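Asker: For reference, the file structure13.cif (mmCIF, C-alpha atoms) is included below:
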```
data_target
loop_
_atom_site.group_PDB
_atom_site.id
_atom_site.type_symbol
_atom_site.label_atom_id
_atom_site.label_comp_id
_atom_site.auth_asym_id
_atom_site.auth_seq_id
_atom_site.Cartn_x
_atom_site.Cartn_y
_atom_site.Cartn_z
ATOM 1 C CA MET Y 2 1.964 -11.856 14.393
ATOM 2 C CA SER Y 3 2.478 -14.595 11.817
ATOM 3 C CA VAL Y 4 1.688 -14.346 8.139
ATOM 4 C CA ALA Y 5 -2.051 -14.813 7.585
ATOM 5 C CA ALA Y 6 -4.473 -14.775 4.685
ATOM 6 C CA SER Y 7 -5.111 -11.322 3.242
ATOM 7 C CA ALA Y 8 -8.504 -9.852 2.443
ATOM 8 C CA ARG Y 9 -8.937 -9.441 -1.281
ATOM 9 C CA THR Y 10 -10.611 -6.691 -3.225
ATOM 10 C CA PRO Y 11 -13.033 -7.786 -5.951
ATOM 11 C CA SER Y 12 -12.244 -6.585 -9.464
ATOM 12 C CA PRO Y 13 -14.595 -4.007 -10.939
ATOM 13 C CA ALA Y 14 -16.833 -4.934 -13.836
ATOM 14 C CA ALA Y 15 -15.054 -5.051 -17.153
ATOM 15 C CA GLY Y 16 -17.522 -2.727 -18.917
ATOM 16 C CA PRO Y 17 -18.507 -2.731 -22.591
ATOM 17 C CA GLY Y 18 -15.063 -3.499 -23.968
ATOM 18 C CA VAL Y 19 -11.340 -3.132 -23.526
ATOM 19 C CA GLY Y 20 -11.124 0.158 -25.471
ATOM 20 C CA PRO Y 21 -12.858 2.400 -22.918
ATOM 21 C CA LEU Y 22 -10.910 0.750 -20.083
ATOM 22 C CA LEU Y 23 -7.586 1.388 -21.789
ATOM 23 C CA ARG Y 24 -8.582 4.971 -22.561
ATOM 24 C CA ALA Y 25 -9.530 5.503 -18.907
ATOM 25 C CA TRP Y 26 -6.145 4.190 -17.749
ATOM 26 C CA ARG Y 27 -4.306 6.334 -20.309
ATOM 27 C CA GLU Y 28 -6.166 9.453 -19.212
ATOM 28 C CA ARG Y 29 -5.531 8.596 -15.572
ATOM 29 C CA ARG Y 30 -1.807 8.441 -16.345
ATOM 30 C CA ARG Y 31 -2.109 11.724 -18.254
ATOM 31 C CA ILE Y 32 -0.342 10.620 -21.403
ATOM 32 C CA SER Y 33 -1.374 11.088 -25.037
ATOM 33 C CA GLN Y 34 -2.181 8.373 -27.551
ATOM 34 C CA LEU Y 35 1.052 9.218 -29.344
ATOM 35 C CA GLU Y 36 3.159 8.881 -26.211
ATOM 36 C CA LEU Y 37 1.531 5.549 -25.347
ATOM 37 C CA ALA Y 38 2.083 4.335 -28.895
ATOM 38 C CA LEU Y 39 5.782 5.203 -28.700
ATOM 39 C CA ARG Y 40 6.119 3.404 -25.373
ATOM 40 C CA ALA Y 41 4.339 0.320 -26.699
ATOM 41 C CA GLY Y 42 6.010 0.175 -30.120
ATOM 42 C CA SER Y 43 2.739 0.874 -31.900
ATOM 43 C CA SER Y 44 1.123 3.821 -33.691
ATOM 44 C CA ALA Y 45 -1.228 6.526 -32.444
ATOM 45 C CA ARG Y 46 -3.672 5.433 -35.158
ATOM 46 C CA HIS Y 47 -3.762 1.881 -33.824
ATOM 47 C CA ILE Y 48 -4.173 3.081 -30.224
ATOM 48 C CA SER Y 49 -7.076 5.257 -31.350
ATOM 49 C CA PHE Y 50 -8.707 2.326 -33.147
ATOM 50 C CA VAL Y 51 -8.313 0.134 -30.056
ATOM 51 C CA GLU Y 52 -9.826 2.757 -27.750
ATOM 52 C CA THR Y 53 -12.821 3.348 -30.029
ATOM 53 C CA GLY Y 54 -13.433 -0.358 -30.589
ATOM 54 C CA ARG Y 55 -12.555 -0.284 -34.319
ATOM 55 C CA SER Y 56 -9.661 -2.669 -33.718
ATOM 56 C CA ARG Y 57 -9.399 -5.646 -31.369
ATOM 57 C CA PRO Y 58 -5.944 -5.748 -29.754
ATOM 58 C CA SER Y 59 -4.055 -9.010 -29.461
ATOM 59 C CA GLU Y 60 -3.516 -10.534 -26.053
ATOM 60 C CA GLU Y 61 0.131 -9.516 -26.265
ATOM 61 C CA MET Y 62 -0.830 -5.921 -27.071
ATOM 62 C CA VAL Y 63 -3.269 -5.744 -24.137
ATOM 63 C CA LEU Y 64 -0.538 -6.875 -21.775
ATOM 64 C CA ARG Y 65 2.020 -4.549 -23.327
ATOM 65 C CA LEU Y 66 -0.269 -1.536 -23.015
ATOM 66 C CA ALA Y 67 -1.133 -2.507 -19.445
ATOM 67 C CA GLU Y 68 2.575 -2.687 -18.612
ATOM 68 C CA ARG Y 69 3.306 0.713 -20.169
ATOM 69 C CA LEU Y 70 0.318 2.225 -18.340
ATOM 70 C CA GLN Y 71 1.413 0.670 -15.022
ATOM 71 C CA VAL Y 72 -1.948 -1.025 -14.602
ATOM 72 C CA PRO Y 73 -2.105 -3.116 -11.396
ATOM 73 C CA VAL Y 74 -1.977 -6.875 -11.916
ATOM 74 C CA ARG Y 75 -5.567 -7.370 -10.726
ATOM 75 C CA GLU Y 76 -6.828 -4.861 -13.301
ATOM 76 C CA ARG Y 77 -4.828 -6.503 -16.086
ATOM 77 C CA ASN Y 78 -7.079 -9.529 -15.742
ATOM 78 C CA ALA Y 79 -10.069 -7.211 -16.173
ATOM 79 C CA LEU Y 80 -8.525 -5.808 -19.370
ATOM 80 C CA LEU Y 81 -7.916 -9.292 -20.748
ATOM 81 C CA LEU Y 82 -11.488 -10.357 -20.009
ATOM 82 C CA ALA Y 83 -12.861 -7.220 -21.635
ATOM 83 C CA ALA Y 84 -10.802 -8.005 -24.752
ATOM 84 C CA GLY Y 85 -12.150 -11.575 -24.864
ATOM 85 C CA TYR Y 86 -9.102 -13.370 -23.455
ATOM 86 C CA ALA Y 87 -8.659 -15.578 -20.409
ATOM 87 C CA PRO Y 88 -7.215 -14.005 -17.220
ATOM 88 C CA ARG Y 89 -3.450 -14.367 -17.050
ATOM 89 C CA TYR Y 90 -2.765 -13.756 -13.350
ATOM 90 C CA PRO Y 91 -3.968 -16.113 -10.569
ATOM 91 C CA GLU Y 92 -4.934 -14.986 -7.067
ATOM 92 C CA THR Y 93 -3.458 -17.583 -4.758
ATOM 93 C CA PRO Y 94 -4.587 -17.483 -1.104
ATOM 94 C CA LEU Y 95 -1.656 -16.520 1.075
ATOM 95 C CA GLU Y 96 -2.061 -19.668 3.173
ATOM 96 C CA ASP Y 97 -1.839 -21.889 0.069
ATOM 97 C CA PRO Y 98 1.119 -24.352 0.130
ATOM 98 C CA ALA Y 99 2.240 -22.867 -3.181
ATOM 99 C CA LEU Y 100 3.219 -19.709 -1.275
ATOM 100 C CA ASP Y 101 5.055 -21.478 1.557
ATOM 101 C CA GLY Y 102 8.367 -20.084 0.343
ATOM 102 C CA LEU Y 103 6.963 -16.560 0.220
ATOM 103 C CA ARG Y 104 5.545 -16.744 3.746
ATOM 104 C CA ASP Y 105 8.746 -18.214 5.148
ATOM 105 C CA GLY Y 106 10.809 -15.530 3.458
ATOM 106 C CA LEU Y 107 8.607 -12.744 4.787
ATOM 107 C CA GLU Y 108 8.729 -14.098 8.325
ATOM 108 C CA ARG Y 109 12.539 -14.345 8.195
ATOM 109 C CA LEU Y 110 12.691 -10.798 6.865
ATOM 110 C CA LEU Y 111 10.507 -9.447 9.675
ATOM 111 C CA ARG Y 112 12.419 -11.323 12.364
ATOM 112 C CA GLY Y 113 15.735 -10.176 10.940
ATOM 113 C CA TYR Y 114 14.647 -6.536 11.224
ATOM 114 C CA GLU Y 115 13.976 -6.802 14.967
ATOM 115 C CA PRO Y 116 14.136 -4.984 17.322
ATOM 116 C CA TYR Y 117 12.933 -2.374 14.826
ATOM 117 C CA PRO Y 118 9.255 -2.543 13.750
ATOM 118 C CA ALA Y 119 8.265 -4.116 10.417
ATOM 119 C CA LEU Y 120 4.991 -5.402 9.017
ATOM 120 C CA VAL Y 121 3.376 -6.706 5.835
ATOM 121 C CA VAL Y 122 0.062 -5.303 4.563
ATOM 122 C CA ASP Y 123 -2.160 -6.029 1.569
ATOM 123 C CA ALA Y 124 -3.755 -3.515 -0.807
ATOM 124 C CA GLY Y 125 -6.440 -2.713 1.776
ATOM 125 C CA TYR Y 126 -3.864 -2.158 4.555
ATOM 126 C CA THR Y 127 -4.873 -5.362 6.320
ATOM 127 C CA VAL Y 128 -1.904 -6.495 8.416
ATOM 128 C CA VAL Y 129 -0.973 -10.012 7.320
ATOM 129 C CA ALA Y 130 2.283 -10.218 9.307
ATOM 130 C CA ALA Y 131 4.186 -8.182 11.889
ATOM 131 C CA ASN Y 132 7.256 -8.613 14.054
ATOM 132 C CA ARG Y 133 7.791 -8.121 17.781
ATOM 133 C CA GLY Y 134 8.864 -4.521 17.233
ATOM 134 C CA VAL Y 135 5.373 -3.690 15.986
ATOM 135 C CA GLU Y 136 3.706 -5.669 18.767
ATOM 136 C CA MET Y 137 5.715 -3.685 21.310
ATOM 137 C CA LEU Y 138 4.481 -0.362 19.906
ATOM 138 C CA LEU Y 139 0.866 -1.594 19.904
ATOM 139 C CA ALA Y 140 0.810 -2.180 23.656
ATOM 140 C CA GLY Y 141 -2.293 -0.472 25.038
ATOM 141 C CA VAL Y 142 -4.206 -0.393 21.738
ATOM 142 C CA SER Y 143 -7.868 -1.436 21.975
ATOM 143 C CA GLU Y 144 -8.409 -5.198 21.656
ATOM 144 C CA GLU Y 145 -11.167 -4.439 19.166
ATOM 145 C CA LEU Y 146 -8.601 -2.974 16.769
ATOM 146 C CA LEU Y 147 -6.238 -5.903 17.339
ATOM 147 C CA ALA Y 148 -8.851 -8.541 16.441
ATOM 148 C CA PRO Y 149 -8.003 -10.919 13.550
ATOM 149 C CA ALA Y 150 -7.194 -9.105 10.295
ATOM 150 C CA PRO Y 151 -6.278 -5.774 11.952
ATOM 151 C CA ASN Y 152 -5.986 -2.760 9.667
ATOM 152 C CA ALA Y 153 -2.838 -0.629 9.763
ATOM 153 C CA MET Y 154 -4.681 2.642 9.083
ATOM 154 C CA ARG Y 155 -7.188 2.024 11.864
ATOM 155 C CA LEU Y 156 -4.428 0.985 14.267
ATOM 156 C CA THR Y 157 -2.580 4.232 13.588
ATOM 157 C CA LEU Y 158 -5.359 6.816 13.322
ATOM 158 C CA HIS Y 159 -8.189 5.496 15.515
ATOM 159 C CA PRO Y 160 -8.712 7.348 18.836
ATOM 160 C CA ARG Y 161 -8.361 3.996 20.633
ATOM 161 C CA GLY Y 162 -5.333 3.097 18.578
ATOM 162 C CA LEU Y 163 -1.952 4.811 18.394
ATOM 163 C CA ALA Y 164 -3.367 8.262 17.563
ATOM 164 C CA PRO Y 165 -3.333 9.621 21.151
ATOM 165 C CA ARG Y 166 0.377 8.782 21.383
ATOM 166 C CA VAL Y 167 1.403 10.216 17.990
ATOM 167 C CA ARG Y 168 3.018 13.564 18.815
ATOM 168 C CA ASN Y 169 2.809 14.873 15.243
ATOM 169 C CA LEU Y 170 -0.616 13.401 14.485
ATOM 170 C CA ARG Y 171 -1.744 16.095 12.054
ATOM 171 C CA GLN Y 172 1.397 15.728 9.951
ATOM 172 C CA TRP Y 173 1.409 11.928 9.996
ATOM 173 C CA ARG Y 174 -2.336 11.735 9.370
ATOM 174 C CA GLY Y 175 -1.933 14.006 6.340
ATOM 175 C CA HIS Y 176 0.833 11.756 5.038
ATOM 176 C CA LEU Y 177 -1.270 8.591 5.458
ATOM 177 C CA LEU Y 178 -4.378 10.101 3.865
ATOM 178 C CA ALA Y 179 -2.356 11.303 0.876
ATOM 179 C CA ARG Y 180 -0.881 7.815 0.544
ATOM 180 C CA MET Y 181 -4.370 6.311 0.546
ATOM 181 C CA GLU Y 182 -5.534 8.802 -2.084
ATOM 182 C CA ARG Y 183 -2.717 7.681 -4.379
ATOM 183 C CA ASP Y 184 -3.645 4.041 -3.824
ATOM 184 C CA ILE Y 185 -7.315 4.720 -4.546
ATOM 185 C CA ALA Y 186 -6.324 6.250 -7.887
ATOM 186 C CA LEU Y 187 -4.111 3.244 -8.599
ATOM 187 C CA TYR Y 188 -6.389 0.382 -7.530
ATOM 188 C CA ARG Y 189 -9.868 1.928 -8.059
ATOM 189 C CA SER Y 190 -10.998 0.008 -4.974
ATOM 190 C CA ASP Y 191 -14.384 0.706 -3.367
ATOM 191 C CA ARG Y 192 -13.165 -1.047 -0.206
ATOM 192 C CA LEU Y 193 -10.150 1.253 -0.005
ATOM 193 C CA ARG Y 194 -12.287 4.344 -0.598
ATOM 194 C CA ALA Y 195 -14.644 3.283 2.215
ATOM 195 C CA LEU Y 196 -11.647 2.838 4.524
ATOM 196 C CA TYR Y 197 -10.349 6.282 3.557
ATOM 197 C CA GLU Y 198 -13.693 7.914 4.358
ATOM 198 C CA GLU Y 199 -13.795 6.101 7.697
ATOM 199 C CA VAL Y 200 -10.325 7.052 8.936
ATOM 200 C CA ALA Y 201 -10.538 10.601 7.542
ATOM 201 C CA ALA Y 202 -13.585 11.114 9.774
ATOM 202 C CA TYR Y 203 -11.777 10.161 12.992
ATOM 203 C CA PRO Y 204 -11.535 13.155 15.355
ATOM 204 C CA VAL Y 205 -8.282 15.069 15.469
ATOM 205 C CA PRO Y 206 -7.227 17.114 18.539
ATOM 206 C CA GLU Y 207 -7.193 20.851 17.948
ATOM 207 C CA GLU Y 208 -3.730 21.124 19.453
ATOM 208 C CA GLU Y 209 -0.712 18.865 19.611
ATOM 209 C CA PRO Y 210 1.214 19.665 22.805
ATOM 210 C CA ASP Y 211 4.953 19.206 22.501
ATOM 211 C CA ALA Y 212 4.608 18.283 18.834
ATOM 212 C CA GLU Y 213 8.247 19.211 18.256
ATOM 213 C CA PRO Y 214 11.215 17.830 20.218
ATOM 214 C CA ALA Y 215 12.904 20.156 22.700
ATOM 215 C CA GLU Y 216 16.066 19.966 20.586
ATOM 216 C CA PRO Y 217 15.029 19.740 16.917
ATOM 217 C CA VAL Y 218 16.715 16.971 14.948
ATOM 218 C CA PRO Y 219 17.438 17.434 11.206
ATOM 219 C CA TYR Y 220 15.339 14.482 10.033
ATOM 220 C CA PHE Y 221 15.938 13.332 6.466
ATOM 221 C CA ALA Y 222 12.253 12.382 5.997
ATOM 222 C CA LEU Y 223 8.966 13.105 7.751
ATOM 223 C CA PRO Y 224 9.162 11.162 11.029
ATOM 224 C CA LEU Y 225 6.477 9.338 12.944
ATOM 225 C CA ARG Y 226 6.953 10.641 16.500
ATOM 226 C CA LEU Y 227 5.374 8.151 18.871
ATOM 227 C CA GLU Y 228 5.241 8.206 22.657
ATOM 228 C CA HIS Y 229 6.150 4.850 24.203
ATOM 229 C CA ALA Y 230 7.030 3.952 27.791
ATOM 230 C CA GLY Y 231 7.620 7.561 28.774
ATOM 231 C CA ARG Y 232 9.809 8.351 25.765
ATOM 232 C CA VAL Y 233 9.134 9.849 22.354
ATOM 233 C CA LEU Y 234 10.459 7.585 19.616
ATOM 234 C CA SER Y 235 11.029 8.806 16.073
ATOM 235 C CA PHE Y 236 10.762 6.621 12.962
ATOM 236 C CA VAL Y 237 10.861 7.077 9.214
ATOM 237 C CA SER Y 238 8.933 4.674 7.023
ATOM 238 C CA SER Y 239 10.181 2.633 4.064
ATOM 239 C CA ILE Y 240 7.862 0.550 1.846
ATOM 240 C CA SER Y 241 8.924 -2.339 -0.408
ATOM 241 C CA THR Y 242 6.909 -4.304 -2.961
ATOM 242 C CA PHE Y 243 7.703 -7.271 -5.202
ATOM 243 C CA ASN Y 244 9.153 -6.698 -8.666
ATOM 244 C CA THR Y 245 7.300 -8.116 -11.690
ATOM 245 C CA PRO Y 246 4.746 -10.149 -9.703
ATOM 246 C CA THR Y 247 2.717 -12.753 -11.587
ATOM 247 C CA ASP Y 248 0.155 -13.403 -8.840
ATOM 248 C CA ILE Y 249 -2.428 -10.892 -7.617
ATOM 249 C CA THR Y 250 -1.913 -11.735 -3.943
ATOM 250 C CA VAL Y 251 1.842 -11.207 -4.200
ATOM 251 C CA ALA Y 252 1.420 -8.031 -6.259
ATOM 252 C CA GLU Y 253 -0.709 -6.445 -3.547
ATOM 253 C CA LEU Y 254 1.628 -7.140 -0.623
ATOM 254 C CA ALA Y 255 3.861 -4.405 0.777
ATOM 255 C CA VAL Y 256 6.558 -4.641 3.446
ATOM 256 C CA GLU Y 257 6.752 -1.522 5.618
ATOM 257 C CA THR Y 258 9.741 -1.004 7.881
ATOM 258 C CA LEU Y 259 10.088 1.695 10.510
ATOM 259 C CA LEU Y 260 13.676 2.876 10.663
ATOM 260 C CA PRO Y 261 14.810 4.690 13.840
ATOM 261 C CA ALA Y 262 15.269 8.315 12.879
ATOM 262 C CA ASP Y 263 17.762 9.054 15.644
ATOM 263 C CA ARG Y 264 20.231 7.247 17.888
ATOM 264 C CA ALA Y 265 18.076 7.632 20.986
ATOM 265 C CA THR Y 266 15.215 5.691 19.369
ATOM 266 C CA ALA Y 267 17.550 2.957 18.130
ATOM 267 C CA GLY Y 268 19.167 2.648 21.558
ATOM 268 C CA HIS Y 269 15.834 2.475 23.355
ATOM 269 C CA LEU Y 270 14.562 -0.303 21.088
ATOM 270 C CA ARG Y 271 17.764 -2.313 21.491
ATOM 271 C CA ALA Y 272 17.557 -1.928 25.261
ATOM 272 C CA LEU Y 273 13.951 -3.154 25.306
ATOM 273 C CA ALA Y 274 14.883 -6.142 23.139
ATOM 274 C CA GLY Y 275 17.801 -6.957 25.385
#
```
Let me see the file written as structure tokens.

Answerer:
Amino acid sequence: MSVAASARTPSPAAGPGVGPLLRAWRERRRISQLELALRAGSSARHISFVETGRSRPSEEMVLRLAERLQVPVRERNALLLAAGYAPRYPETPLEDPALDGLRDGLERLLRGYEPYPALVVDAGYTVVAANRGVEMLLAGVSEELLAPAPNAMRLTLHPRGLAPRVRNLRQWRGHLLARMERDIALYRSDRLRALYEEVAAYPVPEEEPDAEPAEPVPYFALPLRLEHAGRVLSFVSSISTFNTPTDITVAELAVETLLPADRATAGHLRALAG
């Protein structure tokens, strides 16, 4: 799959002002006004005045507080608008010529990781790029799920996706749902919450026959154990994002690589590629 345009999540309404939004983010991060003030080089009194609307923060202060609160780039625009300032961060379509270098770099990265699987997803888990390692694992998945703008969570957990071939489905499903819960808290996305409710409702078999390998391997992370071509392959997942992004589209991209968790899996993938 080549890099394609990602679906974008609309920003929530700004609300009555920046103060309540900042307070909500501070409470979500579970830090006090004093701790936030120390992180931002301000005072607890000033933070209190900002949150109650008694003081209007400067544009620089809004951005500084957003940085210290680890507010996603998309939501920083909402904070700026609520404070009466212009949005700072653009949202450039992924197919825009301005992102040619980014797309080329991602495609080289994915190809360079072959024969091991790697893909790029956006904040809603829409697959915007994938290499031949991923395409190999998706053999037999329903064409409906592989239609343009496929979703990684649906591909993995849907009964007509990879789910019937995942040997440790309950474990891996629990991992993916917990990951989505963290992202919902981070992005406050209605689209992501709807996706979570959809995939959480997919049926799960009562039993997982042969969930564990005949000879247990001391994995260093929870593996995805996937049946493929008569073998059970084991992978561990690694996720990378861009540092200090200044564009919403770039900020919401993540590169996920599946690293063979044992020599047998690595050897099988190399043999298939050869």

Asker: Pick out the closest residue to Phe50 of chain Y from this set: Y:Ala195, Y:Leu146, Y:Leu23, Y:Leu177. Count all atoms listed in the file.

Answerer: Y:Leu23

Asker: Please write as a PyMOL selection string the full residue list that the PyMOL selection byres ((chain Y and resi 128) around 8) yields on this file.

Answerer: chain Y and resi 7+120-123+126-127+129-131+150-153

Asker: I'd like the contact shell of His229 of chain Y - 9 Å cut-off, all atoms listed in the file, skipping same-chain residues fewer than 5 positions apart - returned as a PDB file with C-alpha atoms, in the coordinates of the input.

Answerer:
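Saved to selection06.pdb:
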```pdb
ATOM      1  CA  LEU Y 138       4.481  -0.362  19.906  1.00  0.00           C
ATOM      2  CA  ALA Y 140       0.810  -2.180  23.656  1.00  0.00           C
ATOM      3  CA  ARG Y 166       0.377   8.782  21.383  1.00  0.00           C
ATOM      4  CA  LEU Y 234      10.459   7.585  19.616  1.00  0.00           C
TER       5      LEU Y 234
END
```

Asker: Would you please work out which residue, of Y:Glu198, Y:Ala87, Y:Leu163, Y:Ser44, is nearest to Met181 of chain Y when using all atoms listed in the file?

Answerer: Y:Glu198

Asker: I'd like to know which of Y:Leu260, Y:Leu66, Y:Met154, Y:Leu273 is closest to Val237 of chain Y, using all atoms listed in the file.

Answerer: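 Checking each candidate against Val237 of chain Y, we get Y:Leu260 as the closest.
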
Asker: Name all residues at most 6 Å from segment 239-245 of chain Y (count only C-alpha atoms; drop same-chain ones fewer than 6 positions away) and give them as a PDB file with C-alpha atoms, in the frame of the given file.

Answerer:
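Produced file out-v6.pdb, reproduced below:
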```pdb
ATOM      1  CA  ALA Y 255       3.861  -4.405   0.777  1.00  0.00           C
ATOM      2  CA  VAL Y 256       6.558  -4.641   3.446  1.00  0.00           C
ATOM      3  CA  GLU Y 257       6.752  -1.522   5.618  1.00  0.00           C
ATOM      4  CA  THR Y 258       9.741  -1.004   7.881  1.00  0.00           C
TER       5      THR Y 258
END
```

Asker: So which residues touch Ile48 of chain Y within 7 Å, counting all atoms listed in the file, skipping near sequence neighbours fewer than 3 positions away, as a PyMOL selection string?

Answerer: chain Y and resi 34+38+44-45+51-52

Asker: Store the residues of this selection in a file with C-alpha atoms, as a PDB file, in the coordinates of the input.

Answerer:
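For reference, out-v5.pdb as written:
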```pdb
ATOM      1  CA  GLN Y  34      -2.181   8.373 -27.551  1.00  0.00           C
ATOM      2  CA  ALA Y  38       2.083   4.335 -28.895  1.00  0.00           C
ATOM      3  CA  SER Y  44       1.123   3.821 -33.691  1.00  0.00           C
ATOM      4  CA  ALA Y  45      -1.228   6.526 -32.444  1.00  0.00           C
ATOM      5  CA  VAL Y  51      -8.313   0.134 -30.056  1.00  0.00           C
ATOM      6  CA  GLU Y  52      -9.826   2.757 -27.750  1.00  0.00           C
TER       7      GLU Y  52
END
```

Asker: Running the PyMOL selection byres ((chain Y and resi 92) around 7) on this model by hand, what would come out? Give it as an MDAnalysis selection string.

Answerer: chainID Y and resid 90:91 93:94 248:250

Asker: Apply the PyMOL selection byres ((chain Y and resi 33) around 12) to the structure shown and report the selected residues as an mmCIF file with C-alpha atoms, keeping the file's coordinate frame.

Answerer:
```cif
data_model
loop_
_atom_site.group_PDB
_atom_site.id
_atom_site.type_symbol
_atom_site.label_atom_id
_atom_site.label_comp_id
_atom_site.auth_asym_id
_atom_site.auth_seq_id
_atom_site.Cartn_x
_atom_site.Cartn_y
_atom_site.Cartn_z
ATOM 1 C CA LEU Y 23 -7.586 1.388 -21.789
ATOM 2 C CA ARG Y 24 -8.582 4.971 -22.561
ATOM 3 C CA ALA Y 25 -9.530 5.503 -18.907
ATOM 4 C CA TRP Y 26 -6.145 4.190 -17.749
ATOM 5 C CA ARG Y 27 -4.306 6.334 -20.309
ATOM 6 C CA GLU Y 28 -6.166 9.453 -19.212
ATOM 7 C CA ARG Y 29 -5.531 8.596 -15.572
ATOM 8 C CA ARG Y 30 -1.807 8.441 -16.345
ATOM 9 C CA ARG Y 31 -2.109 11.724 -18.254
ATOM 10 C CA ILE Y 32 -0.342 10.620 -21.403
ATOM 11 C CA GLN Y 34 -2.181 8.373 -27.551
ATOM 12 C CA LEU Y 35 1.052 9.218 -29.344
ATOM 13 C CA GLU Y 36 3.159 8.881 -26.211
ATOM 14 C CA LEU Y 37 1.531 5.549 -25.347
ATOM 15 C CA ALA Y 38 2.083 4.335 -28.895
ATOM 16 C CA LEU Y 39 5.782 5.203 -28.700
ATOM 17 C CA ARG Y 40 6.119 3.404 -25.373
ATOM 18 C CA SER Y 44 1.123 3.821 -33.691
ATOM 19 C CA ALA Y 45 -1.228 6.526 -32.444
ATOM 20 C CA ARG Y 46 -3.672 5.433 -35.158
ATOM 21 C CA ILE Y 48 -4.173 3.081 -30.224
ATOM 22 C CA SER Y 49 -7.076 5.257 -31.350
ATOM 23 C CA LEU Y 70 0.318 2.225 -18.340
#
```

Asker: Give me, as a list in words, all polymer residues having an atom no more than 9 Å from Glu68 of chain Y, counting all atoms listed in the file and skipping those fewer than 4 positions away in the same chain.

Answerer: Ala41, Val63, Leu64, Val72, Pro73 and Arg77 of chain Y
